[in-house]
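Next up, structure15.pdb (PDB, C-alpha atoms):
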ATOM      1  CA  MET A   1     177.780  35.579  60.559
ATOM      2  CA  ILE A   2     179.086  32.621  58.604
ATOM      3  CA  ARG A   3     182.264  31.034  59.905
ATOM      4  CA  ARG A   4     184.623  29.461  57.454
ATOM      5  CA  PRO A   5     187.004  26.681  58.377
ATOM      6  CA  PRO A   6     190.609  27.822  58.760
ATOM      7  CA  ARG A   7     192.825  27.449  55.738
ATOM      8  CA  SER A   8     195.153  24.534  55.902
ATOM      9  CA  THR A   9     198.842  25.181  55.754
ATOM     10  CA  PRO A  10     200.687  23.784  52.771
ATOM     11  CA  LYS A  11     202.590  20.578  53.308
ATOM     12  CA  PRO A  12     206.371  20.756  53.263
ATOM     13  CA  SER A  13     207.591  19.960  49.787
ATOM     14  CA  SER A  14     210.126  17.381  48.789
ATOM     15  CA  ALA A  15     213.648  18.283  47.718
ATOM     16  CA  ALA A  16     212.805  17.457  44.100
ATOM     17  CA  SER A  17     209.812  19.790  44.012
ATOM     18  CA  ASP A  18     211.862  22.491  45.789
ATOM     19  CA  VAL A  19     214.350  22.443  42.930
ATOM     20  CA  TYR A  20     211.468  22.528  40.480
ATOM     21  CA  LYS A  21     209.837  25.525  42.201
ATOM     22  CA  ARG A  22     213.023  27.595  42.391
ATOM     23  CA  GLN A  23     213.302  28.732  38.821
ATOM     24  CA  VAL A  24     214.176  31.895  36.966
ATOM     25  CA  GLY A  25     211.515  32.794  34.441
ATOM     26  CA  GLY A  26     208.658  30.880  36.018
ATOM     27  CA  PRO A  27     206.599  28.118  34.437
ATOM     28  CA  ALA A  28     207.602  28.961  30.866
ATOM     29  CA  THR A  29     211.270  28.412  31.621
ATOM     30  CA  ARG A  30     210.500  25.185  33.468
ATOM     31  CA  ALA A  31     208.489  23.934  30.498
ATOM     32  CA  LEU A  32     210.753  25.098  27.679
ATOM     33  CA  ALA A  33     214.185  24.727  29.255
ATOM     34  CA  PRO A  34     214.111  22.455  32.301
ATOM     35  CA  GLU A  35     217.922  22.096  32.280
ATOM     36  CA  LEU A  36     218.364  25.870  32.450
ATOM     37  CA  ALA A  37     215.822  26.104  35.242
ATOM     38  CA  ALA A  38     217.548  23.376  37.270
ATOM     39  CA  TRP A  39     220.944  25.038  36.707
ATOM     40  CA  SER A  40     219.524  28.332  37.882
ATOM     41  CA  ALA A  41     218.350  26.861  41.187
ATOM     42  CA  ARG A  42     221.738  25.220  41.800
ATOM     43  CA  SER A  43     223.543  28.535  41.191
ATOM     44  CA  TRP A  44     221.740  30.542  43.883
ATOM     45  CA  PRO A  45     224.239  29.857  46.678
ATOM     46  CA  LEU A  46     226.963  31.030  44.269
ATOM     47  CA  ILE A  47     225.029  34.262  43.655
ATOM     48  CA  GLY A  48     224.889  34.780  47.425
ATOM     49  CA  LEU A  49     228.641  34.152  47.765
ATOM     50  CA  THR A  50     229.262  36.634  44.940
ATOM     51  CA  TYR A  51     227.406  39.344  46.841
ATOM     52  CA  ILE A  52     229.265  38.486  50.066
ATOM     53  CA  ALA A  53     232.606  38.835  48.248
ATOM     54  CA  ALA A  54     231.529  42.087  46.585
ATOM     55  CA  GLY A  55     230.381  43.486  49.936
ATOM     56  CA  ALA A  56     233.696  42.549  51.574
ATOM     57  CA  ALA A  57     235.522  44.246  48.698
ATOM     58  CA  HIS A  58     233.806  47.518  49.647
ATOM     59  CA  PHE A  59     235.961  47.477  52.778
ATOM     60  CA  ALA A  60     239.104  45.835  51.372
ATOM     61  CA  VAL A  61     239.516  48.354  48.517
ATOM     62  CA  HIS A  62     237.428  51.161  49.964
ATOM     63  CA  ASP A  63     239.132  53.979  48.038
ATOM     64  CA  GLY A  64     238.425  52.281  44.719
ATOM     65  CA  PHE A  65     234.736  52.090  45.518
ATOM     66  CA  THR A  66     234.568  55.694  46.702
ATOM     67  CA  SER A  67     236.130  56.780  43.392
ATOM     68  CA  MET A  68     233.132  55.211  41.609
ATOM     69  CA  MET A  69     230.596  57.333  43.477
ATOM     70  CA  PRO A  70     229.155  60.178  41.422
ATOM     71  CA  HIS A  71     230.374  63.546  42.704
ATOM     72  CA  LYS A  72     227.910  66.289  43.612
ATOM     73  CA  GLY A  73     226.747  67.901  40.398
ATOM     74  CA  ALA A  74     227.607  64.916  38.177
ATOM     75  CA  TRP A  75     225.478  64.948  35.026
ATOM     76  CA  GLY A  76     224.286  68.408  36.061
ATOM     77  CA  PHE A  77     221.798  67.205  38.685
ATOM     78  CA  TRP A  78     223.355  64.627  41.044
ATOM     79  CA  ASN A  79     223.236  65.628  44.695
ATOM     80  CA  LEU A  80     223.107  62.601  46.980
ATOM     81  CA  PRO A  81     223.361  63.513  50.675
ATOM     82  CA  GLY A  82     226.129  61.862  52.685
ATOM     83  CA  SER A  83     229.738  61.146  51.887
ATOM     84  CA  ALA A  84     230.936  58.648  49.300
ATOM     85  CA  SER A  85     232.530  56.660  52.124
ATOM     86  CA  PHE A  86     229.187  56.409  53.939
ATOM     87  CA  HIS A  87     227.459  55.037  50.833
ATOM     88  CA  VAL A  88     230.257  52.577  50.109
ATOM     89  CA  ASN A  89     230.035  51.308  53.702
ATOM     90  CA  TRP A  90     226.267  50.822  53.876
ATOM     91  CA  THR A  91     226.082  49.187  50.451
ATOM     92  CA  GLY A  92     228.925  46.858  51.448
ATOM     93  CA  VAL A  93     227.102  45.813  54.627
ATOM     94  CA  ALA A  94     223.843  45.367  52.668
ATOM     95  CA  GLU A  95     225.580  43.149  50.089
ATOM     96  CA  ILE A  96     227.136  40.982  52.798
ATOM     97  CA  LEU A  97     223.871  40.560  54.731
ATOM     98  CA  GLY A  98     221.829  39.953  51.584
ATOM     99  CA  GLY A  99     224.389  37.465  50.311
ATOM    100  CA  PHE A 100     224.298  35.517  53.583
ATOM    101  CA  GLY A 101     220.496  35.496  53.420
ATOM    102  CA  VAL A 102     220.540  34.075  49.887
ATOM    103  CA  VAL A 103     223.140  31.444  50.801
ATOM    104  CA  LEU A 104     221.408  30.350  54.005
ATOM    105  CA  GLY A 105     217.984  30.327  52.369
ATOM    106  CA  SER A 106     219.026  28.228  49.358
ATOM    107  CA  LEU A 107     221.421  25.592  50.655
ATOM    108  CA  PRO A 108     221.325  22.302  48.734
ATOM    109  CA  PHE A 109     220.493  18.834  50.054
ATOM    110  CA  GLY A 110     217.817  20.039  52.458
ATOM    111  CA  LEU A 111     220.337  21.897  54.643
ATOM    112  CA  THR A 112     218.283  25.091  54.728
ATOM    113  CA  PRO A 113     216.512  25.449  58.080
ATOM    114  CA  ASP A 114     212.739  25.086  57.617
ATOM    115  CA  PHE A 115     211.974  28.447  59.217
ATOM    116  CA  CYS A 116     214.213  30.215  56.677
ATOM    117  CA  GLU A 117     213.219  28.664  53.385
ATOM    118  CA  SER A 118     209.872  30.342  52.847
ATOM    119  CA  TRP A 119     210.917  33.919  53.630
ATOM    120  CA  LEU A 120     214.693  34.390  53.941
ATOM    121  CA  THR A 121     215.722  33.817  50.334
ATOM    122  CA  PRO A 122     212.929  35.904  48.762
ATOM    123  CA  ALA A 123     213.429  38.732  51.283
ATOM    124  CA  SER A 124     217.212  38.737  50.817
ATOM    125  CA  ALA A 125     216.868  38.574  47.045
ATOM    126  CA  ALA A 126     214.373  41.457  47.046
ATOM    127  CA  GLY A 127     216.792  43.561  49.083
ATOM    128  CA  LEU A 128     219.683  42.724  46.751
ATOM    129  CA  PHE A 129     217.477  43.406  43.713
ATOM    130  CA  LEU A 130     216.711  46.906  45.001
ATOM    131  CA  LEU A 131     220.340  47.435  46.014
ATOM    132  CA  THR A 132     221.528  46.457  42.525
ATOM    133  CA  ILE A 133     219.207  49.087  41.067
ATOM    134  CA  VAL A 134     220.303  51.668  43.660
ATOM    135  CA  VAL A 135     224.010  51.264  42.801
ATOM    136  CA  THR A 136     223.373  51.646  39.059
ATOM    137  CA  PRO A 137     224.323  55.360  39.146
ATOM    138  CA  ALA A 138     227.800  54.401  40.422
ATOM    139  CA  ASN A 139     228.220  51.965  37.535
ATOM    140  CA  THR A 140     226.939  54.580  35.097
ATOM    141  CA  TYR A 141     229.350  57.139  36.583
ATOM    142  CA  MET A 142     232.214  54.723  35.939
ATOM    143  CA  TRP A 143     231.282  54.735  32.262
ATOM    144  CA  THR A 144     230.493  58.428  31.806
ATOM    145  CA  HIS A 145     233.431  59.740  33.853
ATOM    146  CA  ASN A 146     235.987  56.985  33.174
ATOM    147  CA  SER A 147     236.326  56.054  36.827
ATOM    148  CA  PRO A 148     238.056  52.669  36.855
ATOM    149  CA  GLY A 149     236.792  51.662  40.308
ATOM    150  CA  PRO A 150     238.719  49.260  42.555
ATOM    151  CA  LEU A 151     242.159  48.440  41.195
ATOM    152  CA  PRO A 152     245.103  46.475  42.560
ATOM    153  CA  PRO A 153     247.769  48.589  44.320
ATOM    154  CA  ASN A 154     250.297  48.050  41.516
ATOM    155  CA  ALA A 155     247.901  49.013  38.678
ATOM    156  CA  ASP A 156     249.690  50.385  35.635
ATOM    157  CA  GLU A 157     248.480  53.058  33.211
ATOM    158  CA  SER A 158     246.608  50.553  31.021
ATOM    159  CA  MET A 159     244.374  49.545  33.947
ATOM    160  CA  GLN A 160     243.316  53.127  34.655
ATOM    161  CA  VAL A 161     240.933  53.143  31.688
ATOM    162  CA  LEU A 162     238.211  50.561  31.286
ATOM    163  CA  PRO A 163     237.343  50.017  27.596
ATOM    164  CA  TRP A 164     233.723  50.354  26.506
ATOM    165  CA  GLN A 165     233.479  46.548  26.165
ATOM    166  CA  GLY A 166     234.240  46.267  29.885
ATOM    167  CA  HIS A 167     231.426  48.659  30.711
ATOM    168  CA  LEU A 168     229.033  46.691  28.501
ATOM    169  CA  ALA A 169     230.096  43.455  30.212
ATOM    170  CA  ARG A 170     229.413  45.065  33.589
ATOM    171  CA  ALA A 171     225.951  46.166  32.401
ATOM    172  CA  ALA A 172     225.231  42.638  31.118
ATOM    173  CA  LEU A 173     226.334  41.216  34.480
ATOM    174  CA  GLN A 174     223.970  43.593  36.255
ATOM    175  CA  ILE A 175     221.065  42.458  34.059
ATOM    176  CA  PHE A 176     222.013  38.817  34.709
ATOM    177  CA  LEU A 177     222.109  39.405  38.479
ATOM    178  CA  LEU A 178     218.741  41.187  38.414
ATOM    179  CA  THR A 179     217.270  38.254  36.469
ATOM    180  CA  MET A 180     218.653  35.708  38.922
ATOM    181  CA  LEU A 181     217.472  37.730  41.926
ATOM    182  CA  HIS A 182     214.005  38.064  40.385
ATOM    183  CA  GLY A 183     213.913  34.280  40.117
ATOM    184  CA  LEU A 184     214.725  33.981  43.792
ATOM    185  CA  ILE A 185     211.965  36.418  44.713
ATOM    186  CA  VAL A 186     209.175  34.755  42.717
ATOM    187  CA  ARG A 187     210.177  31.148  43.280
TER     188      ARG A 187
END
Please express the file's structure as structure tokens.
Amino acid sequence: MIRRPPRSTPKPSSAASDVYKRQVGGPATRALAPELAAWSARSWPLIGLTYIAAGAAHFAVHDGFTSMMPHKGAWGFWNLPGSASFHVNWTGVAEILGGFGVVLGSLPFGLTPDFCESWLTPASAAGLFLLTIVVTPANTYMWTHNSPGPLPPNADESMQVLPWQGHLARAALQIFLLTMLHGLIVR
């Protein structure tokens, strides 16, 4: 039996190379648009804070989020077990936890604890990536059934209907978030 020497562990990287490694789009983006890649890395804590705020909103305007959930039989086939309230609650908790993981794992100026950097951000981003895909039926239901979602308590008649441009903007935001989360996973 031939024994091989153990693999060496990689050396900790400098802050400059950390920013360089954390890019959306991989090496092509770094080569073709280094400014975009650097901006992307700096925005990751903001993405985490966005998910924390969205998760907290699940509890602050709970009824608005439950109104977005597809009802049993929607589109002729939808039959998700559990109540709408249950799904709003667990997705809210998942968004808050995932958001904290992204924030803690991507703090600037070397503030991220060493034990978190290599696994916390990619794991949190992967969870949020899957969660964003999982909640797509609720966003689709908003469009197909004109469910406005969370509204302020004093919403007037004009706020009860979201125009098609608003739905397209929401879809574009979802694609943007998936792209950013993918960048966090593969960094």
All residues 12 Å or closer to Pro153 (chain A), only C-alpha atoms, same chain fewer than 6 positions away omitted, as JSON, numbers by chain: {"A": [60, 61, 63, 64, 159, 160]}
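With distances taken over all atoms listed in the file, A:Phe100 is the one residue among A:Ala84, A:Thr66, A:Thr136, A:Phe100 lying closest to Pro45 (chain A).
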Residues in the PyMOL selection byres ((chain A and resi 101) around 12), expressed as an MDAnalysis selection string: chainID A and resid 44:45 47:49 51:52 94:100 102:107 112:113 116:128 184
Of the listed residues A:Met69, A:Leu131, A:Asn139, A:Ser147, that which approaches Ala172 (chain A) most closely, counting only C-alpha atoms: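 Answer, going by the shortest atom-to-atom distance: A:Asn139.
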Spatial neighbours of Trp164 (chain A), 10 Å, all atoms listed in the file, chain gap at least 5 places, as a VMD selection string: chain A and resid 143 146 169 to 170
Pull C-alpha atoms from the residues just selected and write them as a JSON list (two decimals), in the frame of the given file.
[["chain", "number", "residue", "atom", "x", "y", "z"],
["A", 143, "TRP", "CA", 231.28, 54.74, 32.26],
["A", 146, "ASN", "CA", 235.99, 56.98, 33.17],
["A", 169, "ALA", "CA", 230.10, 43.46, 30.21],
["A", 170, "ARG", "CA", 229.41, 45.06, 33.59]]
Pick from A:Leu46, A:Ala74, A:Val186, A:Ala56 nearest to Met142 (chain A), counting all atoms listed in the file: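 Comparing A:Leu46, A:Ala74, A:Val186, A:Ala56 against Met142 (chain A), the winner is A:Ala74.
Reported to one decimal place, the separation of CA of Gly73 (chain A) from CA of Ile133 (chain A) is 20.3 Å.
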Point-to-point distance in Å for CA of Gly92 (chain A) and CA of Thr132 (chain A): 11.6 Å
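Minimum distance to Val135 (chain A) across A:Leu181, A:Arg42, A:Thr50, A:Thr91 (counting all atoms listed in the file) occurs at A:Thr91.
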Point-to-point distance from CA of His62 (chain A) to CA of Ser85 (chain A), Å rounded to tenths: 7.7 Å
Selection: 10 Å around His145 (chain A), all atoms listed in the file, excl. self and same-chain fewer than 6 positions, as a ChimeraX atom specification: /A:68,70,74-75
Atoms to include: C-alpha atoms. Write the selected residues as an mmCIF file, in the frame of the given file.
data_model
loop_
_atom_site.group_PDB
_atom_site.id
_atom_site.type_symbol
_atom_site.label_atom_id
_atom_site.label_comp_id
_atom_site.auth_asym_id
_atom_site.auth_seq_id
_atom_site.Cartn_x
_atom_site.Cartn_y
_atom_site.Cartn_z
ATOM 1 C CA MET A 68 233.132 55.211 41.609
ATOM 2 C CA PRO A 70 229.155 60.178 41.422
ATOM 3 C CA ALA A 74 227.607 64.916 38.177
ATOM 4 C CA TRP A 75 225.478 64.948 35.026
#
Nearest-residue call for Leu178 (chain A), choices A:Phe65, A:Asp114, A:Val134, A:His71, using all atoms listed in the file: A:Val134
Best match for closeness to Leu177 (chain A) among A:Ala155, A:Ala138, A:Leu130, A:Val161, counting all atoms listed in the file: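 Using all atoms listed in the file, Leu177 (chain A) sits closest to A:Leu130.
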What are the centre and edge lengths in Å, to one decimal, of the axis-aligned box around all listed atoms of region 43-55 of chain A with 6 Å added on each side, as JSON?
{"center_x": 227.2, "center_y": 36.0, "center_z": 45.6, "size_x": 22.9, "size_y": 27.0, "size_z": 20.9}
Extract region 50-64 of chain A from the preceding block and save all heavy atoms as a short mmCIF file (atom, residue, chain, number, x, y, z; two decimals), in the first residue's frame.
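Below is the file that was written, part08.cif:
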data_model
loop_
_atom_site.label_atom_id
_atom_site.label_comp_id
_atom_site.auth_asym_id
_atom_site.auth_seq_id
_atom_site.Cartn_x
_atom_site.Cartn_y
_atom_site.Cartn_z
N THR A 50 -31.68 42.48 3.23
CA THR A 50 -32.96 42.46 2.49
C THR A 50 -33.77 41.23 2.87
O THR A 50 -34.98 41.32 3.10
CB THR A 50 -32.69 42.50 0.97
OG1 THR A 50 -31.97 43.70 0.67
CG2 THR A 50 -33.98 42.45 0.19
N TYR A 51 -33.11 40.08 2.94
CA TYR A 51 -33.82 38.86 3.32
C TYR A 51 -34.28 38.91 4.78
O TYR A 51 -35.34 38.41 5.11
CB TYR A 51 -32.96 37.62 3.05
CG TYR A 51 -33.12 37.11 1.64
CD1 TYR A 51 -32.24 37.46 0.64
CD2 TYR A 51 -34.19 36.29 1.31
CE1 TYR A 51 -32.39 37.00 -0.66
CE2 TYR A 51 -34.36 35.82 0.01
CZ TYR A 51 -33.46 36.19 -0.96
OH TYR A 51 -33.63 35.73 -2.24
N ILE A 52 -33.47 39.50 5.66
CA ILE A 52 -33.89 39.63 7.06
C ILE A 52 -35.15 40.48 7.14
O ILE A 52 -36.11 40.13 7.83
CB ILE A 52 -32.76 40.25 7.91
CG1 ILE A 52 -31.59 39.27 8.02
CG2 ILE A 52 -33.27 40.64 9.30
CD1 ILE A 52 -30.32 39.88 8.61
N ALA A 53 -35.16 41.62 6.42
CA ALA A 53 -36.34 42.50 6.43
C ALA A 53 -37.56 41.80 5.84
O ALA A 53 -38.67 41.91 6.38
CB ALA A 53 -36.03 43.78 5.66
N ALA A 54 -37.35 41.08 4.75
CA ALA A 54 -38.48 40.36 4.12
C ALA A 54 -39.01 39.29 5.07
O ALA A 54 -40.23 39.10 5.19
CB ALA A 54 -38.04 39.74 2.80
N GLY A 55 -38.13 38.57 5.75
CA GLY A 55 -38.56 37.56 6.70
C GLY A 55 -39.34 38.16 7.85
O GLY A 55 -40.37 37.62 8.27
N ALA A 56 -38.88 39.30 8.36
CA ALA A 56 -39.60 39.98 9.45
C ALA A 56 -40.97 40.45 8.98
O ALA A 56 -41.94 40.42 9.74
CB ALA A 56 -38.77 41.16 9.97
N ALA A 57 -41.05 40.85 7.71
CA ALA A 57 -42.34 41.30 7.17
C ALA A 57 -43.37 40.17 7.15
O ALA A 57 -44.57 40.43 7.26
CB ALA A 57 -42.15 41.86 5.76
N HIS A 58 -42.91 38.94 7.04
CA HIS A 58 -43.84 37.80 7.08
C HIS A 58 -44.65 37.80 8.37
O HIS A 58 -45.78 37.33 8.40
CB HIS A 58 -43.08 36.47 6.98
CG HIS A 58 -42.65 36.10 5.61
ND1 HIS A 58 -41.71 36.81 4.90
CD2 HIS A 58 -43.02 35.08 4.80
CE1 HIS A 58 -41.52 36.24 3.73
NE2 HIS A 58 -42.31 35.18 3.63
N PHE A 59 -44.07 38.31 9.43
CA PHE A 59 -44.75 38.34 10.73
C PHE A 59 -45.44 39.68 10.98
O PHE A 59 -46.48 39.72 11.62
CB PHE A 59 -43.75 38.01 11.85
CG PHE A 59 -43.13 36.67 11.67
CD1 PHE A 59 -41.88 36.52 11.09
CD2 PHE A 59 -43.82 35.52 12.04
CE1 PHE A 59 -41.31 35.27 10.90
CE2 PHE A 59 -43.27 34.26 11.85
CZ PHE A 59 -42.02 34.14 11.28
N ALA A 60 -44.86 40.76 10.45
CA ALA A 60 -45.44 42.09 10.67
C ALA A 60 -46.74 42.28 9.89
O ALA A 60 -47.68 42.90 10.39
CB ALA A 60 -44.43 43.16 10.28
N VAL A 61 -46.79 41.77 8.66
CA VAL A 61 -48.01 41.88 7.83
C VAL A 61 -48.41 40.47 7.37
O VAL A 61 -48.54 40.20 6.18
CB VAL A 61 -47.82 42.84 6.63
CG1 VAL A 61 -47.85 44.29 7.07
CG2 VAL A 61 -46.52 42.56 5.88
N HIS A 62 -48.60 39.63 8.35
CA HIS A 62 -48.86 38.20 8.14
C HIS A 62 -50.05 37.95 7.20
O HIS A 62 -49.96 37.12 6.29
CB HIS A 62 -49.10 37.54 9.50
CG HIS A 62 -49.16 36.06 9.44
ND1 HIS A 62 -48.04 35.27 9.32
CD2 HIS A 62 -50.21 35.21 9.49
CE1 HIS A 62 -48.39 34.01 9.30
NE2 HIS A 62 -49.71 33.93 9.41
N ASP A 63 -51.13 38.67 7.40
CA ASP A 63 -52.33 38.45 6.56
C ASP A 63 -52.05 38.74 5.09
O ASP A 63 -52.56 38.04 4.21
CB ASP A 63 -53.49 39.30 7.05
CG ASP A 63 -54.03 38.83 8.39
OD1 ASP A 63 -53.73 37.68 8.78
OD2 ASP A 63 -54.74 39.62 9.05
N GLY A 64 -51.24 39.75 4.82
CA GLY A 64 -50.90 40.06 3.43
C GLY A 64 -50.14 38.93 2.77
O GLY A 64 -50.35 38.62 1.59
#
